[in-house]
Amino acid sequence: MLTFIVRRLALTVPVLIGVATLIFSLIHLVPGDPAQSMLGEGAAPEEITALRERLGLNRPLLEQYGAFIGGLVRGDLGDSLRYGTPVTSEIVARVPATLELAVASLAVGIGIAIPLGILAAVRRGSLVDHGSMALALAGISLPNFWLGPMLAIVFAVELGWLPVSGRGGLSHLVLPAITLGTALSAILARMTRAGMLEELREPYVLAARAKGVSRRQAVMKHAFRNSLIPLVTIVGLQFGAVLTGAIITETIFAWPGLGRLLVQAIGFRDYPLVQGCILFIAVTYVFVNLLTDLLYGVLDPRIRYPS
Amino acid sequence: MTRVTSMNRVTQFGGVIVVAAVLGAIIGPWLSPHDPSTQELALRLAGPSTSHPLGLDELGRDILARVLSGARVSLFVGFAVVVISALVGTFLGALAGYVGGVTDDVISRIMDVLLAFPGILLAIALVAVLGPSVANVVLALCVIGWVGYARLVRGQVLRLREFEFVQAARALGAATHRVLLRHVLPSTLPALLVQATLGMASAIIAEASLSFLGLGVQPPTPSWGTMLDSGRSHLIDAPHLTIVPGVAVALVVLGFNFLGDGLRDAIDPRTQPGA
């Protein structure tokens, strides 16, 4: 197991270096002078020179890269141009809101997907199977930037049951979580169905039935438990989609999370903050994938050994 | 038999939506009696009527005409992203899979780094620094889009290069490019077609997402994403501003997803609902 962990960790390091390098180069892709772009057309030449000095843009590229990587190692992502505060503290202040939304949407997604996927697999080929899978495909196709406003029109504006925006109690969380969790539930339902179909074909399910175990028990206690193993990977991979989806969902519902911070930073051309947000989301995604792989290795010993 | 017919119906339904969308995008703007940019300020935010079947927007522009023009932008971006990504991805994936060694290592590590950015995050970052425009949206979506094709082709080439017909071609002295173009790549086409069909759906959603965030097509050019963005301010007084472009995106994406899914089932019967 230790070899597996070390090997997996070693594979993560070059990816993290690559991610950091790509994010460092972002600011240099800005057409023209990045300092001029950040300050706008009306900026005085002294202001531009001062900003270039402050961001180290007049230093040699390699020196800038070294300073950027050094800052990353110390957790220093520079200062936000808009807020004048460290980028790290701006990000840390928004993480709880995004995490809350991500966990709630995962709960919505899993809560809908598992019963739907099991039902489709158990009644494969039936109208229920076709219907639920068509519904799942429709769920994947519904863009969250449309679903969110539609839910807000019905449940906040027309019925007045839920608040239309902002972060507060549980009622504020319902609409954003459903908006973000719908596509996830659709993907997970398809995966649950596929996993269940694989397991239901296995001889051990037939053996359990032959020993007198009820159909319900054979499905839930035997097949379903084993089908959960690949589902762990899918949930882990989909966490990335949740993080990206949060950018739009937070914008729709004025949810004060990392996604909204990123969109605002783009609007203000606050490139250090944009770099920080992108880096944080990408690194979180890399680590969630790493944890998923390690968990998968724990759940299924065959994964730990190269074939 | 019932199952097969039922799946075919879903695929056919997808195909009908896609054909209708393409026709709507090509000839729709000519057939529409209104110009997408003409303003009738007295009728701003008016709901559906006989002269304006889908109503008017916040500047008094005909929503039907704008949805049809928006279809052009969405389908153009989707098509451009799929074609460029598929060409680049197929070339690099085939190179990595067939040549192997350092070439494979370098291409695979680049893919690993790009895959570390979930969804359209890197596209958002790229458009944020390059500036919002259709060309930059296509470029940003291609930067992340080619990886899916490259992974697919690399895997297929790794499998196919061990087949006897490929080894026979090499033994007969065929050059690498000939082996790849004549013997290996044609076998990857069905899987590529599925990936491209589903890729159209992803690219259309991605373009609309970027436009919704103000990073894609810029006003006054009509785009489904920008229409949804401007509709947000009128959710209460004019919900049709949001409903219409949203239905357009969802239907077209659903059409490509149904079609892609049906094609995948046709290629791999194990994934069929009845399987």
# chains A, B, ... in the order shown; residues from 1 in each chain; ligands from 1
>>> residues_around(residues="B:Pro36", least_positions_apart="2", cutoff="7 Å", atoms="only C-alpha atoms", output="ChimeraX atom specification")
/B:34,38,61-62,65-66
>>> interface_residues(of="chain A", to="chain B", cutoff="7 Å", atoms="only C-alpha atoms", output="VMD selection string")
chain A and resid 15 18 to 19 26 to 27 29 to 31 124 to 125 129 to 130 138 141 to 143 146 153 157 240 to 241 244 266 282 285 to 286
>>> atom_distance(atom1="atom CA of A:Phe280", atom2="atom CA of A:Trp255")
18.0 Å
>>> select_by_dssp(residues="stretch 128-270 of chain B", states="helix (DSSP H, G or I)", output="PyMOL selection string")
chain B and resi 128-130+134-160+164-171+176-212+224-234+240-267+269-270
>>> write_last_selection(atoms="C-alpha atoms", output="mmCIF file, in the first residue's frame")
data_model
loop_
_atom_site.group_PDB
_atom_site.id
_atom_site.type_symbol
_atom_site.label_atom_id
_atom_site.label_comp_id
_atom_site.auth_asym_id
_atom_site.auth_seq_id
_atom_site.Cartn_x
_atom_site.Cartn_y
_atom_site.Cartn_z
ATOM 1 C CA ALA B 128 -10.080 36.360 -19.131
ATOM 2 C CA VAL B 129 -6.523 37.293 -20.125
ATOM 3 C CA LEU B 130 -6.857 37.222 -23.934
ATOM 4 C CA VAL B 134 -15.532 34.487 -30.628
ATOM 5 C CA ALA B 135 -12.003 33.692 -31.865
ATOM 6 C CA ASN B 136 -10.600 33.619 -28.323
ATOM 7 C CA VAL B 137 -13.484 31.409 -27.164
ATOM 8 C CA VAL B 138 -12.715 28.923 -29.962
ATOM 9 C CA LEU B 139 -8.996 29.045 -29.145
ATOM 10 C CA ALA B 140 -9.583 28.574 -25.391
ATOM 11 C CA LEU B 141 -12.001 25.678 -25.901
ATOM 12 C CA CYS B 142 -9.588 23.996 -28.349
ATOM 13 C CA VAL B 143 -6.728 24.272 -25.817
ATOM 14 C CA ILE B 144 -8.719 22.033 -23.464
ATOM 15 C CA GLY B 145 -10.730 20.189 -26.139
ATOM 16 C CA TRP B 146 -7.954 18.304 -27.969
ATOM 17 C CA VAL B 147 -7.023 16.288 -24.883
ATOM 18 C CA GLY B 148 -10.167 14.121 -25.007
ATOM 19 C CA TYR B 149 -9.506 13.164 -28.641
ATOM 20 C CA ALA B 150 -5.798 12.584 -28.033
ATOM 21 C CA ARG B 151 -6.501 10.235 -25.103
ATOM 22 C CA LEU B 152 -9.051 8.327 -27.153
ATOM 23 C CA VAL B 153 -6.818 7.977 -30.232
ATOM 24 C CA ARG B 154 -3.693 7.182 -28.185
ATOM 25 C CA GLY B 155 -5.525 4.326 -26.451
ATOM 26 C CA GLN B 156 -6.901 2.978 -29.726
ATOM 27 C CA VAL B 157 -3.516 3.239 -31.484
ATOM 28 C CA LEU B 158 -1.759 1.445 -28.614
ATOM 29 C CA ARG B 159 -4.242 -1.416 -29.043
ATOM 30 C CA LEU B 160 -4.313 -1.407 -32.839
ATOM 31 C CA GLU B 164 -1.602 -8.463 -37.298
ATOM 32 C CA PHE B 165 -2.801 -6.297 -40.176
ATOM 33 C CA VAL B 166 -0.818 -3.342 -38.824
ATOM 34 C CA GLN B 167 2.287 -5.433 -38.189
ATOM 35 C CA ALA B 168 1.952 -6.925 -41.684
ATOM 36 C CA ALA B 169 1.870 -3.420 -43.200
ATOM 37 C CA ARG B 170 4.999 -2.489 -41.234
ATOM 38 C CA ALA B 171 6.732 -5.706 -42.256
ATOM 39 C CA THR B 176 4.822 5.383 -40.460
ATOM 40 C CA HIS B 177 2.450 7.988 -41.886
ATOM 41 C CA ARG B 178 1.023 5.436 -44.332
ATOM 42 C CA VAL B 179 0.479 2.830 -41.594
ATOM 43 C CA LEU B 180 -1.260 5.426 -39.448
ATOM 44 C CA LEU B 181 -3.382 7.025 -42.182
ATOM 45 C CA ARG B 182 -4.293 3.894 -44.131
ATOM 46 C CA HIS B 183 -4.495 1.201 -41.473
ATOM 47 C CA VAL B 184 -4.695 2.552 -37.913
ATOM 48 C CA LEU B 185 -6.700 5.796 -37.978
ATOM 49 C CA PRO B 186 -9.641 4.510 -40.077
ATOM 50 C CA SER B 187 -10.352 2.028 -37.276
ATOM 51 C CA THR B 188 -10.577 4.849 -34.741
ATOM 52 C CA LEU B 189 -13.147 6.807 -36.788
ATOM 53 C CA PRO B 190 -16.350 5.365 -35.235
ATOM 54 C CA ALA B 191 -15.172 6.211 -31.705
ATOM 55 C CA LEU B 192 -14.028 9.651 -32.905
ATOM 56 C CA LEU B 193 -17.446 10.289 -34.448
ATOM 57 C CA VAL B 194 -19.158 9.581 -31.108
ATOM 58 C CA GLN B 195 -16.664 11.795 -29.278
ATOM 59 C CA ALA B 196 -17.199 14.598 -31.830
ATOM 60 C CA THR B 197 -21.006 14.413 -31.563
ATOM 61 C CA LEU B 198 -20.898 14.581 -27.763
ATOM 62 C CA GLY B 199 -18.138 17.209 -28.090
ATOM 63 C CA MET B 200 -20.535 19.467 -30.041
ATOM 64 C CA ALA B 201 -22.906 19.392 -27.053
ATOM 65 C CA SER B 202 -20.078 20.244 -24.631
ATOM 66 C CA ALA B 203 -18.732 23.024 -26.850
ATOM 67 C CA ILE B 204 -22.179 24.630 -27.248
ATOM 68 C CA ILE B 205 -22.718 24.616 -23.466
ATOM 69 C CA ALA B 206 -19.175 25.917 -22.903
ATOM 70 C CA GLU B 207 -19.628 28.802 -25.375
ATOM 71 C CA ALA B 208 -22.969 29.727 -23.825
ATOM 72 C CA SER B 209 -21.413 29.530 -20.322
ATOM 73 C CA LEU B 210 -18.557 31.850 -21.320
ATOM 74 C CA SER B 211 -20.961 34.283 -23.013
ATOM 75 C CA PHE B 212 -23.214 34.142 -19.933
ATOM 76 C CA TRP B 224 -27.751 32.334 -26.475
ATOM 77 C CA GLY B 225 -25.397 32.883 -23.529
ATOM 78 C CA THR B 226 -25.524 36.692 -23.683
ATOM 79 C CA MET B 227 -29.325 36.561 -24.138
ATOM 80 C CA LEU B 228 -29.575 34.484 -20.946
ATOM 81 C CA ASP B 229 -27.267 36.881 -19.134
ATOM 82 C CA SER B 230 -29.315 39.953 -20.072
ATOM 83 C CA GLY B 231 -32.546 38.074 -19.268
ATOM 84 C CA ARG B 232 -31.415 37.659 -15.645
ATOM 85 C CA SER B 233 -32.280 41.290 -14.882
ATOM 86 C CA HIS B 234 -35.865 40.709 -16.073
ATOM 87 C CA HIS B 240 -39.527 34.866 -21.680
ATOM 88 C CA LEU B 241 -36.147 36.595 -22.100
ATOM 89 C CA THR B 242 -34.605 33.735 -20.115
ATOM 90 C CA ILE B 243 -36.923 30.862 -21.039
ATOM 91 C CA VAL B 244 -36.534 31.067 -24.850
ATOM 92 C CA PRO B 245 -32.706 31.022 -25.245
ATOM 93 C CA GLY B 246 -32.447 28.476 -22.418
ATOM 94 C CA VAL B 247 -34.842 26.108 -24.184
ATOM 95 C CA ALA B 248 -32.832 26.592 -27.399
ATOM 96 C CA VAL B 249 -29.532 25.647 -25.684
ATOM 97 C CA ALA B 250 -31.071 22.712 -23.812
ATOM 98 C CA LEU B 251 -32.820 21.312 -26.930
ATOM 99 C CA VAL B 252 -29.771 21.501 -29.188
ATOM 100 C CA VAL B 253 -27.487 20.050 -26.526
ATOM 101 C CA LEU B 254 -30.041 17.302 -25.840
ATOM 102 C CA GLY B 255 -30.196 16.580 -29.584
ATOM 103 C CA PHE B 256 -26.410 16.133 -29.843
ATOM 104 C CA ASN B 257 -26.352 14.059 -26.649
ATOM 105 C CA PHE B 258 -29.154 11.756 -27.878
ATOM 106 C CA LEU B 259 -27.418 11.383 -31.230
ATOM 107 C CA GLY B 260 -23.992 10.737 -29.666
ATOM 108 C CA ASP B 261 -25.464 8.270 -27.209
ATOM 109 C CA GLY B 262 -27.286 6.426 -29.979
ATOM 110 C CA LEU B 263 -24.113 6.259 -32.078
ATOM 111 C CA ARG B 264 -22.168 4.937 -29.091
ATOM 112 C CA ASP B 265 -24.797 2.254 -28.518
ATOM 113 C CA ALA B 266 -24.595 1.296 -32.177
ATOM 114 C CA ILE B 267 -20.801 0.933 -31.903
ATOM 115 C CA PRO B 269 -23.917 -2.804 -27.861
ATOM 116 C CA ARG B 270 -22.907 -3.371 -24.207
#
>>> closest_residue(among="A:Val174, A:Leu299, A:Ala183, A:Ile278", to="A:Leu231", atoms="only C-alpha atoms")
A:Leu299
>>> residues_around(residues="A:Tyr65", least_positions_apart="4", cutoff="10 Å", atoms="only C-alpha atoms", output="list in words")
Ala20, Thr21, Phe24, Ser25, Arg59, Pro60, Leu61, Ile69, Gly70 and Gly71 of chain A
>>> atom_distance(atom1="atom CA of A:Ile48", atom2="atom CA of A:Asp33")
9.1 Å
>>> atom_distance(atom1="atom CA of A:Gly267", atom2="atom CA of A:Thr251")
12.3 Å
>>> residues_around(residues="stretch 87-103 of chain A", least_positions_apart="2", cutoff="6 Å", atoms="only C-alpha atoms", output="count of residues only")
9
>>> residues_around(residues="stretch 159-163 of chain A", least_positions_apart="3", cutoff="12 Å", atoms="only C-alpha atoms", output="PyMOL selection string")
(chain A and resi 151-156+166-176+253-255) or (chain B and resi 236)
